[in-house]
$ cat input-v6.cif   # mmCIF, N, CA and C atoms
data_model
#
loop_
_atom_site.label_atom_id
_atom_site.label_comp_id
_atom_site.auth_asym_id
_atom_site.auth_seq_id
_atom_site.Cartn_x
_atom_site.Cartn_y
_atom_site.Cartn_z
N MET C 1 139.33 78.31 86.87
CA MET C 1 139.32 78.55 88.28
C MET C 1 140.41 77.70 88.94
N LYS C 2 141.13 78.32 89.84
CA LYS C 2 142.18 77.58 90.54
C LYS C 2 141.60 76.86 91.75
N CYS C 3 142.23 75.76 92.10
CA CYS C 3 141.84 74.98 93.28
C CYS C 3 141.97 75.86 94.52
N PRO C 4 140.95 75.91 95.38
CA PRO C 4 141.03 76.75 96.58
C PRO C 4 142.01 76.22 97.63
N TYR C 5 142.46 74.97 97.47
CA TYR C 5 143.38 74.37 98.45
C TYR C 5 144.84 74.55 98.05
N CYS C 6 145.18 74.08 96.85
CA CYS C 6 146.59 74.20 96.44
C CYS C 6 146.87 75.53 95.74
N LYS C 7 145.85 76.20 95.28
CA LYS C 7 145.94 77.51 94.64
C LYS C 7 146.92 77.56 93.47
N VAL C 8 147.23 76.41 92.93
CA VAL C 8 148.19 76.32 91.84
C VAL C 8 147.50 75.85 90.58
N SER C 9 146.84 74.74 90.70
CA SER C 9 146.31 74.07 89.53
C SER C 9 144.92 74.57 89.15
N ASP C 10 144.73 74.72 87.84
CA ASP C 10 143.39 74.98 87.35
C ASP C 10 142.90 73.76 86.56
N LYS C 11 143.56 72.65 86.79
CA LYS C 11 143.18 71.39 86.16
C LYS C 11 142.33 70.61 87.16
N ASP C 12 141.08 70.49 86.85
CA ASP C 12 140.20 69.71 87.71
C ASP C 12 139.18 68.99 86.84
N ARG C 13 138.41 68.15 87.46
CA ARG C 13 137.33 67.49 86.72
C ARG C 13 136.08 67.52 87.58
N VAL C 14 134.96 67.58 86.89
CA VAL C 14 133.67 67.61 87.57
C VAL C 14 133.30 66.17 87.92
N VAL C 15 133.06 65.93 89.20
CA VAL C 15 132.71 64.61 89.69
C VAL C 15 131.19 64.44 89.73
N ASP C 16 130.49 65.51 90.07
CA ASP C 16 129.04 65.44 90.21
C ASP C 16 128.44 66.82 89.93
N SER C 17 127.29 66.86 89.24
CA SER C 17 126.55 68.11 88.98
C SER C 17 125.11 67.91 89.40
N ARG C 18 124.57 68.90 90.09
CA ARG C 18 123.16 68.85 90.50
C ARG C 18 122.55 70.23 90.38
N SER C 19 121.31 70.26 89.91
CA SER C 19 120.56 71.51 89.84
C SER C 19 119.83 71.74 91.14
N SER C 20 119.60 73.00 91.46
CA SER C 20 118.79 73.32 92.63
C SER C 20 117.34 72.99 92.32
N SER C 21 116.49 73.05 93.33
CA SER C 21 115.09 72.67 93.14
C SER C 21 114.38 73.55 92.12
N ASP C 22 114.78 74.81 92.00
CA ASP C 22 114.12 75.68 91.03
C ASP C 22 114.96 75.89 89.76
N ASP C 23 115.98 75.08 89.58
CA ASP C 23 116.85 75.12 88.40
C ASP C 23 117.53 76.47 88.18
N SER C 24 117.73 77.23 89.24
CA SER C 24 118.39 78.52 89.09
C SER C 24 119.88 78.46 89.40
N ILE C 25 120.31 77.37 90.06
CA ILE C 25 121.71 77.21 90.44
C ILE C 25 122.15 75.78 90.13
N ILE C 26 123.38 75.66 89.65
CA ILE C 26 123.97 74.33 89.43
C ILE C 26 125.13 74.17 90.40
N ARG C 27 125.07 73.11 91.18
CA ARG C 27 126.12 72.79 92.16
C ARG C 27 127.04 71.75 91.52
N ARG C 28 128.33 72.01 91.53
CA ARG C 28 129.29 71.07 90.94
C ARG C 28 130.33 70.66 91.97
N ARG C 29 130.54 69.37 92.12
CA ARG C 29 131.64 68.84 92.95
C ARG C 29 132.81 68.63 92.01
N ARG C 30 133.94 69.16 92.38
CA ARG C 30 135.13 69.08 91.53
C ARG C 30 136.26 68.36 92.27
N HIS C 31 137.14 67.76 91.47
CA HIS C 31 138.31 67.05 92.00
C HIS C 31 139.54 67.67 91.36
N CYS C 32 140.45 68.19 92.21
CA CYS C 32 141.68 68.82 91.72
C CYS C 32 142.67 67.72 91.33
N ASP C 33 143.19 67.78 90.10
CA ASP C 33 144.14 66.78 89.62
C ASP C 33 145.51 66.92 90.30
N ALA C 34 145.84 68.12 90.76
CA ALA C 34 147.16 68.35 91.37
C ALA C 34 147.23 67.87 92.82
N CYS C 35 146.29 68.28 93.65
CA CYS C 35 146.38 67.93 95.08
C CYS C 35 145.41 66.81 95.48
N GLY C 36 144.46 66.49 94.62
CA GLY C 36 143.54 65.39 94.89
C GLY C 36 142.36 65.74 95.79
N ARG C 37 142.22 67.00 96.20
CA ARG C 37 141.12 67.37 97.08
C ARG C 37 139.88 67.72 96.27
N ARG C 38 138.77 67.64 96.95
CA ARG C 38 137.48 67.97 96.32
C ARG C 38 136.95 69.29 96.87
N TYR C 39 136.25 70.01 96.01
CA TYR C 39 135.61 71.25 96.43
C TYR C 39 134.35 71.46 95.60
N THR C 40 133.52 72.36 96.06
CA THR C 40 132.23 72.61 95.43
C THR C 40 132.20 74.00 94.82
N THR C 41 131.63 74.10 93.63
CA THR C 41 131.40 75.40 93.00
C THR C 41 129.92 75.51 92.68
N TYR C 42 129.45 76.74 92.55
CA TYR C 42 128.05 77.00 92.20
C TYR C 42 128.02 77.91 90.99
N GLU C 43 127.12 77.60 90.06
CA GLU C 43 126.93 78.45 88.89
C GLU C 43 125.52 79.00 88.93
N ARG C 44 125.40 80.29 88.69
CA ARG C 44 124.08 80.91 88.61
C ARG C 44 124.13 82.00 87.56
N VAL C 45 122.99 82.30 86.99
CA VAL C 45 122.90 83.33 85.98
C VAL C 45 123.00 84.68 86.68
N GLU C 46 123.83 85.53 86.14
CA GLU C 46 123.98 86.86 86.70
C GLU C 46 123.09 87.81 85.90
N VAL C 47 122.13 88.38 86.59
CA VAL C 47 121.20 89.29 85.95
C VAL C 47 121.54 90.70 86.39
N SER C 48 121.72 91.58 85.42
CA SER C 48 122.02 92.96 85.79
C SER C 48 120.74 93.62 86.27
N PRO C 49 120.81 94.37 87.34
CA PRO C 49 119.60 94.97 87.91
C PRO C 49 119.04 96.07 87.02
N THR C 50 117.73 96.24 87.09
CA THR C 50 117.07 97.32 86.39
C THR C 50 116.93 98.48 87.36
N PHE C 51 117.23 99.68 86.89
CA PHE C 51 117.12 100.86 87.74
C PHE C 51 115.95 101.71 87.28
N VAL C 52 115.31 102.34 88.26
CA VAL C 52 114.21 103.26 87.99
C VAL C 52 114.77 104.68 88.04
N VAL C 53 114.52 105.45 86.98
CA VAL C 53 114.96 106.84 86.93
C VAL C 53 113.79 107.69 87.42
N LYS C 54 114.00 108.34 88.56
CA LYS C 54 112.97 109.16 89.18
C LYS C 54 112.85 110.49 88.45
N LYS C 55 111.81 111.26 88.79
CA LYS C 55 111.58 112.55 88.13
C LYS C 55 112.72 113.53 88.39
N ASP C 56 113.40 113.40 89.54
CA ASP C 56 114.52 114.29 89.84
C ASP C 56 115.86 113.72 89.35
N GLN C 57 115.78 112.69 88.49
CA GLN C 57 116.92 112.02 87.85
C GLN C 57 117.72 111.11 88.78
N ARG C 58 117.26 110.91 90.03
CA ARG C 58 117.91 109.92 90.89
C ARG C 58 117.60 108.54 90.33
N ARG C 59 118.48 107.60 90.60
CA ARG C 59 118.29 106.23 90.16
C ARG C 59 118.28 105.31 91.38
N GLU C 60 117.34 104.38 91.35
CA GLU C 60 117.31 103.38 92.42
C GLU C 60 116.86 102.06 91.83
N PRO C 61 117.22 100.96 92.45
CA PRO C 61 116.86 99.65 91.90
C PRO C 61 115.34 99.47 91.79
N PHE C 62 114.91 98.81 90.74
CA PHE C 62 113.50 98.51 90.54
C PHE C 62 113.03 97.59 91.65
N GLU C 63 111.94 97.96 92.30
CA GLU C 63 111.38 97.13 93.37
C GLU C 63 109.94 96.80 93.02
N ARG C 64 109.72 95.55 92.74
CA ARG C 64 108.40 95.05 92.39
C ARG C 64 107.37 95.42 93.45
N GLN C 65 107.76 95.34 94.72
CA GLN C 65 106.83 95.58 95.82
C GLN C 65 106.32 97.01 95.83
N LYS C 66 107.14 97.97 95.42
CA LYS C 66 106.70 99.37 95.39
C LYS C 66 105.58 99.56 94.37
N VAL C 67 105.74 98.96 93.20
CA VAL C 67 104.72 99.08 92.16
C VAL C 67 103.45 98.38 92.62
N LEU C 68 103.60 97.18 93.16
CA LEU C 68 102.44 96.43 93.64
C LEU C 68 101.71 97.18 94.75
N SER C 69 102.45 97.81 95.63
CA SER C 69 101.85 98.58 96.72
C SER C 69 100.99 99.73 96.18
N GLY C 70 101.48 100.42 95.18
CA GLY C 70 100.71 101.52 94.57
C GLY C 70 99.44 101.01 93.91
N ILE C 71 99.54 99.88 93.24
CA ILE C 71 98.37 99.29 92.59
C ILE C 71 97.36 98.83 93.64
N MET C 72 97.86 98.23 94.72
CA MET C 72 96.96 97.75 95.77
C MET C 72 96.21 98.90 96.44
N LYS C 73 96.88 100.02 96.64
CA LYS C 73 96.21 101.19 97.23
C LYS C 73 95.12 101.70 96.30
N ALA C 74 95.40 101.72 95.00
CA ALA C 74 94.41 102.19 94.04
C ALA C 74 93.21 101.24 93.96
N CYS C 75 93.45 99.96 94.17
CA CYS C 75 92.39 98.95 94.05
C CYS C 75 91.72 98.62 95.38
N GLU C 76 92.10 99.34 96.44
CA GLU C 76 91.54 99.07 97.76
C GLU C 76 90.02 99.23 97.73
N LYS C 77 89.32 98.23 98.27
CA LYS C 77 87.85 98.19 98.33
C LYS C 77 87.20 98.19 96.95
N ARG C 78 87.93 97.68 95.97
CA ARG C 78 87.41 97.54 94.61
C ARG C 78 87.40 96.06 94.26
N PRO C 79 86.54 95.65 93.32
CA PRO C 79 86.47 94.23 92.97
C PRO C 79 87.58 93.79 92.02
N VAL C 80 88.83 94.04 92.42
CA VAL C 80 89.99 93.65 91.61
C VAL C 80 90.81 92.68 92.46
N SER C 81 90.92 91.46 91.98
CA SER C 81 91.62 90.43 92.76
C SER C 81 93.12 90.71 92.86
N VAL C 82 93.72 90.15 93.90
CA VAL C 82 95.16 90.29 94.10
C VAL C 82 95.90 89.65 92.93
N GLU C 83 95.36 88.56 92.39
CA GLU C 83 95.99 87.90 91.24
C GLU C 83 96.07 88.83 90.04
N VAL C 84 94.99 89.61 89.80
CA VAL C 84 94.99 90.56 88.68
C VAL C 84 96.01 91.67 88.94
N GLN C 85 96.07 92.14 90.18
CA GLN C 85 97.03 93.19 90.53
C GLN C 85 98.46 92.70 90.34
N GLU C 86 98.75 91.49 90.81
CA GLU C 86 100.08 90.92 90.64
C GLU C 86 100.38 90.66 89.17
N GLY C 87 99.35 90.33 88.41
CA GLY C 87 99.51 90.12 86.97
C GLY C 87 99.99 91.37 86.26
N ILE C 88 99.51 92.53 86.69
CA ILE C 88 99.97 93.80 86.10
C ILE C 88 101.46 93.97 86.34
N VAL C 89 101.89 93.70 87.56
CA VAL C 89 103.31 93.85 87.90
C VAL C 89 104.15 92.83 87.13
N GLU C 90 103.68 91.60 87.02
CA GLU C 90 104.41 90.57 86.26
C GLU C 90 104.52 90.96 84.80
N GLU C 91 103.44 91.52 84.24
CA GLU C 91 103.48 91.97 82.85
C GLU C 91 104.49 93.10 82.68
N LEU C 92 104.55 94.00 83.65
CA LEU C 92 105.53 95.09 83.62
C LEU C 92 106.95 94.52 83.67
N GLU C 93 107.19 93.56 84.57
CA GLU C 93 108.52 92.96 84.69
C GLU C 93 108.91 92.25 83.39
N LYS C 94 107.98 91.54 82.78
CA LYS C 94 108.27 90.86 81.52
C LYS C 94 108.61 91.85 80.42
N MET C 95 107.88 92.97 80.39
CA MET C 95 108.15 94.00 79.39
C MET C 95 109.55 94.57 79.59
N VAL C 96 109.90 94.87 80.83
CA VAL C 96 111.21 95.44 81.14
C VAL C 96 112.31 94.44 80.79
N ASP C 97 112.16 93.19 81.24
CA ASP C 97 113.16 92.16 80.96
C ASP C 97 113.24 91.82 79.48
N GLY C 98 112.09 91.75 78.83
CA GLY C 98 112.03 91.37 77.42
C GLY C 98 112.69 92.38 76.51
N GLN C 99 112.61 93.64 76.89
CA GLN C 99 113.21 94.69 76.06
C GLN C 99 114.63 95.00 76.48
N GLY C 100 115.10 94.31 77.51
CA GLY C 100 116.49 94.45 77.92
C GLY C 100 116.83 95.80 78.51
N TYR C 101 115.85 96.46 79.11
CA TYR C 101 116.11 97.76 79.72
C TYR C 101 117.07 97.62 80.90
N ASN C 102 118.02 98.52 81.00
CA ASN C 102 118.81 98.65 82.21
C ASN C 102 118.18 99.70 83.10
N GLU C 103 117.41 100.60 82.46
CA GLU C 103 116.74 101.66 83.17
C GLU C 103 115.33 101.84 82.62
N ILE C 104 114.43 102.24 83.51
CA ILE C 104 113.07 102.57 83.10
C ILE C 104 112.66 103.78 83.93
N THR C 105 111.94 104.68 83.32
CA THR C 105 111.54 105.89 84.03
C THR C 105 110.24 105.65 84.81
N THR C 106 110.05 106.47 85.83
CA THR C 106 108.80 106.38 86.58
C THR C 106 107.62 106.74 85.68
N THR C 107 107.86 107.57 84.68
CA THR C 107 106.79 107.92 83.73
C THR C 107 106.36 106.69 82.95
N GLN C 108 107.31 105.91 82.46
CA GLN C 108 106.97 104.69 81.73
C GLN C 108 106.21 103.71 82.61
N ILE C 109 106.65 103.57 83.85
CA ILE C 109 105.97 102.66 84.78
C ILE C 109 104.55 103.15 85.04
N GLY C 110 104.41 104.43 85.35
CA GLY C 110 103.09 105.00 85.65
C GLY C 110 102.12 104.88 84.50
N GLU C 111 102.58 105.19 83.29
CA GLU C 111 101.70 105.10 82.11
C GLU C 111 101.28 103.65 81.86
N PHE C 112 102.21 102.73 82.01
CA PHE C 112 101.91 101.31 81.82
C PHE C 112 100.83 100.86 82.80
N VAL C 113 101.01 101.20 84.08
CA VAL C 113 100.04 100.79 85.11
C VAL C 113 98.69 101.44 84.85
N MET C 114 98.68 102.72 84.50
CA MET C 114 97.40 103.40 84.24
C MET C 114 96.65 102.78 83.06
N GLU C 115 97.38 102.40 82.01
CA GLU C 115 96.73 101.73 80.87
C GLU C 115 96.02 100.46 81.32
N ARG C 116 96.72 99.66 82.12
CA ARG C 116 96.14 98.39 82.59
C ARG C 116 94.96 98.62 83.51
N LEU C 117 95.11 99.57 84.44
CA LEU C 117 94.01 99.84 85.37
C LEU C 117 92.78 100.40 84.66
N ALA C 118 92.98 101.20 83.62
CA ALA C 118 91.85 101.75 82.87
C ALA C 118 91.03 100.63 82.22
N GLU C 119 91.72 99.55 81.82
CA GLU C 119 91.02 98.40 81.21
C GLU C 119 90.29 97.57 82.26
N ILE C 120 90.77 97.60 83.51
CA ILE C 120 90.26 96.71 84.55
C ILE C 120 89.20 97.37 85.42
N ASP C 121 89.51 98.58 85.93
CA ASP C 121 88.62 99.23 86.88
C ASP C 121 88.83 100.74 86.80
N GLU C 122 87.78 101.48 86.41
CA GLU C 122 87.91 102.92 86.20
C GLU C 122 88.19 103.69 87.50
N VAL C 123 87.59 103.24 88.60
CA VAL C 123 87.82 103.92 89.88
C VAL C 123 89.27 103.74 90.31
N ALA C 124 89.80 102.53 90.19
CA ALA C 124 91.20 102.28 90.53
C ALA C 124 92.12 103.12 89.63
N TYR C 125 91.74 103.24 88.36
CA TYR C 125 92.52 104.06 87.43
C TYR C 125 92.58 105.50 87.90
N VAL C 126 91.42 106.08 88.26
CA VAL C 126 91.37 107.48 88.69
C VAL C 126 92.14 107.67 89.99
N ARG C 127 92.04 106.71 90.89
CA ARG C 127 92.81 106.80 92.14
C ARG C 127 94.30 106.80 91.87
N PHE C 128 94.75 105.87 91.03
CA PHE C 128 96.18 105.79 90.71
C PHE C 128 96.63 107.07 90.00
N ALA C 129 95.82 107.52 89.03
CA ALA C 129 96.18 108.72 88.26
C ALA C 129 96.25 109.94 89.15
N SER C 130 95.38 110.03 90.14
CA SER C 130 95.38 111.22 91.01
C SER C 130 96.68 111.32 91.80
N VAL C 131 97.23 110.19 92.21
CA VAL C 131 98.51 110.19 92.92
C VAL C 131 99.66 110.35 91.95
N TYR C 132 99.62 109.58 90.86
CA TYR C 132 100.71 109.58 89.89
C TYR C 132 100.88 110.96 89.23
N ARG C 133 99.76 111.55 88.82
CA ARG C 133 99.82 112.84 88.13
C ARG C 133 99.82 114.02 89.09
N GLN C 134 99.70 113.75 90.37
CA GLN C 134 99.76 114.77 91.42
C GLN C 134 98.80 115.94 91.14
N PHE C 135 97.52 115.60 91.03
CA PHE C 135 96.52 116.64 90.79
C PHE C 135 96.58 117.69 91.88
N LYS C 136 96.61 118.95 91.47
CA LYS C 136 96.71 120.06 92.42
C LYS C 136 95.34 120.55 92.87
N ASP C 137 94.33 120.38 92.01
CA ASP C 137 92.99 120.83 92.37
C ASP C 137 91.93 119.96 91.70
N VAL C 138 90.68 120.27 91.99
CA VAL C 138 89.56 119.48 91.49
C VAL C 138 89.45 119.59 89.97
N THR C 139 89.85 120.72 89.41
CA THR C 139 89.76 120.92 87.96
C THR C 139 90.57 119.87 87.20
N GLN C 140 91.80 119.64 87.64
CA GLN C 140 92.63 118.62 86.99
C GLN C 140 91.99 117.25 87.14
N PHE C 141 91.45 117.00 88.32
CA PHE C 141 90.79 115.72 88.58
C PHE C 141 89.60 115.53 87.65
N MET C 142 88.80 116.57 87.50
CA MET C 142 87.61 116.50 86.64
C MET C 142 88.00 116.31 85.17
N LYS C 143 89.08 116.93 84.73
CA LYS C 143 89.54 116.74 83.36
C LYS C 143 89.86 115.27 83.10
N GLU C 144 90.52 114.63 84.06
CA GLU C 144 90.86 113.21 83.93
C GLU C 144 89.61 112.35 83.89
N VAL C 145 88.65 112.65 84.75
CA VAL C 145 87.40 111.88 84.77
C VAL C 145 86.64 112.09 83.47
N ASN C 146 86.59 113.32 82.97
CA ASN C 146 85.90 113.60 81.71
C ASN C 146 86.54 112.88 80.53
N SER C 147 87.88 112.84 80.51
CA SER C 147 88.57 112.12 79.43
C SER C 147 88.26 110.64 79.49
N LEU C 148 88.07 110.13 80.70
CA LEU C 148 87.71 108.72 80.87
C LEU C 148 86.29 108.48 80.39
N LEU C 149 85.39 109.42 80.66
CA LEU C 149 83.99 109.27 80.25
C LEU C 149 83.85 109.34 78.73
N LYS C 150 84.70 110.12 78.06
CA LYS C 150 84.64 110.24 76.60
C LYS C 150 85.03 108.95 75.90
N LYS C 151 85.87 108.14 76.58
CA LYS C 151 86.30 106.87 75.99
C LYS C 151 85.16 105.91 76.05
#
$ encode --input "input-v6.cif" --output "structure tokens"
Amino acid sequence: MKCPYCKVSDKDRVVDSRSSSDDSIIRRRRHCDACGRRYTTYERVEVSPTFVVKKDQRREPFERQKVLSGIMKACEKRPVSVEVQEGIVEELEKMVDGQGYNEITTTQIGEFVMERLAEIDEVAYVRFASVYRQFKDVTQFMKEVNSLLKK
């Protein structure tokens, strides 16, 4: 990196380094050997964003809040704590990050959430499934409930 003042020299030395409170950024004070001035640089990890591939093939950035909102609606007036709901989203994020996905489909997200909700609360599962699978009539809804009862 060239000195922002003399714009000539890339010879500098680090005078001081400090981490941010959450250790996500390192602040470095540097001294330019050519002009003698000091300047500050910041280092942070660059994370490539994960995109969600919609059913119509549009892509948009993954938004944790959208997934959490859907889970919260399904769990409304049910004995499922907010911590458990957030835990589902955190588990999803870890799975996505751990496998290094750049993209994840809405189908993968929906199936993952439904699996977790089925283990936690059957009513929340059916509510989420009814929206996710876009049931057109009561017959489809009853098939889902019957498959749940067979388990």
$ residues_around --input "input-v6.cif" --residues "Ile88 (chain C)" --least-positions-apart "3" --cutoff "9 Å" --atoms "only C-alpha atoms" --output "list in words"
Leu68, Ile71, Glu83, Val84, Gln85, Glu91, Leu92, Glu93, Phe112, Val113, Arg116 and Leu117 of chain C
$ resolve_selection --input "input-v6.cif" --expression "the PyMOL selection byres ((chain C and resi 62) around 5)" --output "PDB file with N, CA and C atoms, keeping the file's coordinate frame"
ATOM      1  N   THR C  50     117.730  96.240  87.090  1.00  0.00           N
ATOM      2  CA  THR C  50     117.070  97.320  86.390  1.00  0.00           C
ATOM      3  C   THR C  50     116.930  98.480  87.360  1.00  0.00           C
ATOM      4  N   PHE C  51     117.230  99.680  86.890  1.00  0.00           N
ATOM      5  CA  PHE C  51     117.120 100.860  87.740  1.00  0.00           C
ATOM      6  C   PHE C  51     115.950 101.710  87.280  1.00  0.00           C
ATOM      7  N   VAL C  52     115.310 102.340  88.260  1.00  0.00           N
ATOM      8  CA  VAL C  52     114.210 103.260  87.990  1.00  0.00           C
ATOM      9  C   VAL C  52     114.770 104.680  88.040  1.00  0.00           C
ATOM     10  N   GLU C  60     117.340 104.380  91.350  1.00  0.00           N
ATOM     11  CA  GLU C  60     117.310 103.380  92.420  1.00  0.00           C
ATOM     12  C   GLU C  60     116.860 102.060  91.830  1.00  0.00           C
ATOM     13  N   PRO C  61     117.220 100.960  92.450  1.00  0.00           N
ATOM     14  CA  PRO C  61     116.860  99.650  91.900  1.00  0.00           C
ATOM     15  C   PRO C  61     115.340  99.470  91.790  1.00  0.00           C
ATOM     16  N   GLU C  63     111.940  97.960  92.300  1.00  0.00           N
ATOM     17  CA  GLU C  63     111.380  97.130  93.370  1.00  0.00           C
ATOM     18  C   GLU C  63     109.940  96.800  93.020  1.00  0.00           C
ATOM     19  N   ARG C  64     109.720  95.550  92.740  1.00  0.00           N
ATOM     20  CA  ARG C  64     108.400  95.050  92.390  1.00  0.00           C
ATOM     21  C   ARG C  64     107.370  95.420  93.450  1.00  0.00           C
TER      22      ARG C  64
END
$ residues_around --input "input-v6.cif" --residues "Val14 (chain C)" --least-positions-apart "3" --cutoff "9 Å" --atoms "only C-alpha atoms" --output "ChimeraX atom specification"
/C:17,28-31
$ closest_residue --input "input-v6.cif" --among "C:Lys143, C:Lys11, C:Arg133, C:Arg127" --to "Ala74 (chain C)" --atoms "all atoms listed in the file"
C:Arg127
$ select_by_dssp --input "input-v6.cif" --residues "chain C" --states "strand (DSSP E or B)" --output "PyMOL selection string"
chain C and resi 12-19+25-32+38-44+51-53+59-61+103-105
$ atom_distance --input "input-v6.cif" --atom1 "atom N of Glu76 (chain C)" --atom2 "CA of Phe128 (chain C)"
9.5 Å
$ atom_distance --input "input-v6.cif" --atom1 "atom C of Ala124 (chain C)" --atom2 "CA of Val67 (chain C)"
13.5 Å
$ residues_around --input "input-v6.cif" --residues "Glu122 (chain C)" --least-positions-apart "3" --cutoff "12 Å" --atoms "only C-alpha atoms" --output "ChimeraX atom specification"
/C:74-75,78-80,114-119,125-129,144-149,151
$ closest_residue --input "input-v6.cif" --among "C:Met1, C:Val53, C:Ile26, C:Thr139" --to "Glu103 (chain C)" --atoms "all atoms listed in the file"
C:Val53
$ closest_residue --input "input-v6.cif" --among "C:Arg44, C:Lys150, C:Arg37, C:Lys136" --to "Lys7 (chain C)" --atoms "only C-alpha atoms"
C:Arg37
$ select_by_dssp --input "input-v6.cif" --residues "region 82-141 of chain C" --states "alpha helix (DSSP H)" --output "PyMOL selection string"
chain C and resi 82-98+106-120+122-132+138-141
$ atom_distance --input "input-v6.cif" --atom1 "atom N of Cys3 (chain C)" --atom2 "atom N of Cys32 (chain C)"
7.8 Å
$ resolve_selection --input "input-v6.cif" --expression "the PyMOL selection byres ((chain C and resi 106) around 7)" --output "ChimeraX atom specification"
/C:52-55,104-105,107-111
